[in-house]
Amino acid sequence: MLYNETLIRVAIDGPGGAGKSTIAKLVAKDLGIDYIDTGAMYRAIGLKLIRNNINIDDEEELEKVLMNTEIDFNEGCIYLDGIDVSNQIRTSEISMIASDCSKKKLVREKLVLFQREIGMRKSVVMDGRDIGTNVLKDAEIKIFLTADSAIRAKRRYNELLEKGENPDYNEVLNDIVKRDYQDSNRELNPLKQATDAILIDTSNMNIEEVAACIKGYIKKI
Ligand code: DC
């Protein structure tokens with residue numbers, strides 16, 4: 001086994017809006033280790049495809065783009081080819097293309113390799129859809145966060161309101177349901193709870209309660 005015994009890898013998976021990134025950031029800060037948002041990587045690829053007007057089903061073009069794409073994290077920001085795109089990737093359009101991208105073998109191969117390399121080098125809290133089932137199968141702790149879809153949609157709706165946008169609740173809910181279906185039913189590494197993951201339903205919990213619950217599990221190991 002390649003992993004250093006002192007590494008702690010916390011894998012947090014679950015559907016969109018379950019609170020993964022907020023919780024993962026808090027837990028990482030508490031442990032003093034890095035947080036890696038793998039969804040942001042799929043989003044960054046999606047952004048690049050849109051900006052370059054690439055048809056996602058054109059495998060040749062997709063391969064070329066992937067070969068010439070660099071993704072990096074620094075101090076909580078994601079860089080696409082050296083430019084901070086942390087804000088640009090947080091739109092509904094990018095959410096959907098990220099989900100489309102994540103079905104593609106070429107995209108998954110590149111990103112999963114990168115994610116595994118990070119997990120081999122250092123302790124991390126990594127969140128996504130397939131971290132516990134695929135990327136870091138032997139993570140020291142695996143959490144599957146979920147919540148009722150209506151509650152997840154309400155959280156997302158409130159986030160958009162706070163950003164000064166004018167969202168439509170039903171549209172937000174439809175996007176969530178559509179993406180859940182697509183992410184859970186794709187052929188490659190679909191969203192699924194790992195058999196050894198701890199399930200936490202955050203529907204009736206606040207952020208502090210969820211973070212405390214996860215920290216409790218981590219303390220035990
Ligand atoms: O977590 P997010 O909403 O930022 O993720 C965007 C999309 O990326 C999501 O719809 C599915 C995909 N994704 C994935 O397939 N595997 C991951 N490990 C992370 C995200």
# chains A, B, ... in the order shown; residues from 1 in each chain; ligands from 1
call {"tool": "closest_atom_pairs", "arguments": {"of": "chain A", "to": "ligand 1", "cutoff": "6 Å", "atoms": "only C-alpha atoms and all ligand atoms", "output": "JSON lines"}}
result
{"residue": "A:Gly16", "atom": "CA", "partner": "ligand 1", "partner_atom_place_in_ligand_line": "3 (O)", "distance": 4.9}
{"residue": "A:Thr38", "atom": "CA", "partner": "ligand 1", "partner_atom_place_in_ligand_line": "19 (C)", "distance": 4.7}
{"residue": "A:Gly39", "atom": "CA", "partner": "ligand 1", "partner_atom_place_in_ligand_line": "5 (O)", "distance": 3.5}
{"residue": "A:Ala40", "atom": "CA", "partner": "ligand 1", "partner_atom_place_in_ligand_line": "4 (O)", "distance": 5.0}
{"residue": "A:Tyr42", "atom": "CA", "partner": "ligand 1", "partner_atom_place_in_ligand_line": "8 (O)", "distance": 4.9}
{"residue": "A:Arg43", "atom": "CA", "partner": "ligand 1", "partner_atom_place_in_ligand_line": "6 (C)", "distance": 5.8}
{"residue": "A:Ser95", "atom": "CA", "partner": "ligand 1", "partner_atom_place_in_ligand_line": "6 (C)", "distance": 5.5}
{"residue": "A:Ala98", "atom": "CA", "partner": "ligand 1", "partner_atom_place_in_ligand_line": "7 (C)", "distance": 4.6}
{"residue": "A:Ser99", "atom": "CA", "partner": "ligand 1", "partner_atom_place_in_ligand_line": "10 (O)", "distance": 3.7}
{"residue": "A:Ser102", "atom": "CA", "partner": "ligand 1", "partner_atom_place_in_ligand_line": "15 (O)", "distance": 4.5}
{"residue": "A:Gly128", "atom": "CA", "partner": "ligand 1", "partner_atom_place_in_ligand_line": "18 (N)", "distance": 3.6}
{"residue": "A:Arg129", "atom": "CA", "partner": "ligand 1", "partner_atom_place_in_ligand_line": "18 (N)", "distance": 4.2}
{"residue": "A:Asp130", "atom": "CA", "partner": "ligand 1", "partner_atom_place_in_ligand_line": "18 (N)", "distance": 4.8}
{"residue": "A:Ile131", "atom": "CA", "partner": "ligand 1", "partner_atom_place_in_ligand_line": "18 (N)", "distance": 5.8}
{"residue": "A:Arg179", "atom": "CA", "partner": "ligand 1", "partner_atom_place_in_ligand_line": "10 (O)", "distance": 5.7}
{"residue": "A:Asp183", "atom": "CA", "partner": "ligand 1", "partner_atom_place_in_ligand_line": "11 (C)", "distance": 5.6}
call {"tool": "write_last_selection", "arguments": {"atoms": "N, CA and C atoms", "output": "short mmCIF file (atom, residue, chain, number, x, y, z; two decimals), in the first residue's frame"}}
result
data_model
loop_
_atom_site.label_atom_id
_atom_site.label_comp_id
_atom_site.auth_asym_id
_atom_site.auth_seq_id
_atom_site.Cartn_x
_atom_site.Cartn_y
_atom_site.Cartn_z
N GLY A 16 -26.21 17.07 -4.63
CA GLY A 16 -26.06 18.53 -4.55
C GLY A 16 -26.99 19.11 -3.49
N THR A 38 -14.10 18.28 -5.42
CA THR A 38 -13.94 17.64 -6.74
C THR A 38 -15.03 18.09 -7.72
N GLY A 39 -16.19 18.49 -7.19
CA GLY A 39 -17.25 19.00 -8.07
C GLY A 39 -16.76 20.24 -8.82
N ALA A 40 -15.95 21.05 -8.14
CA ALA A 40 -15.43 22.28 -8.76
C ALA A 40 -14.56 21.93 -9.98
N TYR A 42 -15.06 19.32 -12.07
CA TYR A 42 -15.97 19.02 -13.19
C TYR A 42 -16.59 20.32 -13.71
N ARG A 43 -16.86 21.24 -12.78
CA ARG A 43 -17.42 22.53 -13.19
C ARG A 43 -16.42 23.31 -14.05
N SER A 95 -23.63 24.08 -13.50
CA SER A 95 -24.02 22.87 -12.73
C SER A 95 -24.42 21.76 -13.68
N ALA A 98 -21.53 20.51 -15.87
CA ALA A 98 -20.59 19.73 -15.05
C ALA A 98 -21.12 18.30 -14.90
N SER A 99 -22.42 18.19 -14.70
CA SER A 99 -23.03 16.87 -14.57
C SER A 99 -22.91 16.10 -15.90
N SER A 102 -19.38 14.91 -16.31
CA SER A 102 -18.98 13.87 -15.37
C SER A 102 -19.38 12.47 -15.85
N GLY A 128 -17.49 15.00 -3.03
CA GLY A 128 -17.89 14.74 -4.42
C GLY A 128 -19.03 13.74 -4.48
N ARG A 129 -18.98 12.88 -5.50
CA ARG A 129 -20.04 11.88 -5.68
C ARG A 129 -19.48 10.45 -5.55
N ASP A 130 -18.18 10.31 -5.87
CA ASP A 130 -17.60 8.95 -5.95
C ASP A 130 -16.30 8.86 -5.14
N ILE A 131 -16.16 9.68 -4.12
CA ILE A 131 -14.90 9.68 -3.38
C ILE A 131 -14.77 8.38 -2.57
N ARG A 179 -30.50 16.66 -11.80
CA ARG A 179 -29.07 16.36 -11.61
C ARG A 179 -28.90 15.12 -10.71
N ASP A 183 -26.78 12.05 -12.03
CA ASP A 183 -25.56 11.66 -11.29
C ASP A 183 -25.69 10.24 -10.71
#
call {"tool": "select_by_dssp", "arguments": {"residues": "range 154-183 of chain A", "states": "helix (DSSP H, G or I)", "output": "ChimeraX atom specification"}}
result
/A:154-162,169-183
call {"tool": "atom_distance", "arguments": {"atom1": "CA of Val135 in chain A", "atom2": "CA of Ile151 in chain A"}}
result
28.0 Å
call {"tool": "closest_residue", "arguments": {"among": "A:Leu145, A:Ile8, A:Asn87, A:Glu63", "to": "Ile207 in chain A", "atoms": "only C-alpha atoms"}}
result
A:Leu145
call {"tool": "closest_residue", "arguments": {"among": "A:Ile56, A:Leu188, A:Val172, A:Ala153", "to": "Val112 in chain A", "atoms": "only C-alpha atoms"}}
result
A:Leu188
call {"tool": "residues_around", "arguments": {"residues": "Ile71 in chain A", "least_positions_apart": "4", "cutoff": "9 Å", "atoms": "only C-alpha atoms", "output": "list in words"}}
result
Met41, Ala44, Ile45, Ile78, Tyr79, Leu80, Asp81 and Gly82 of chain A
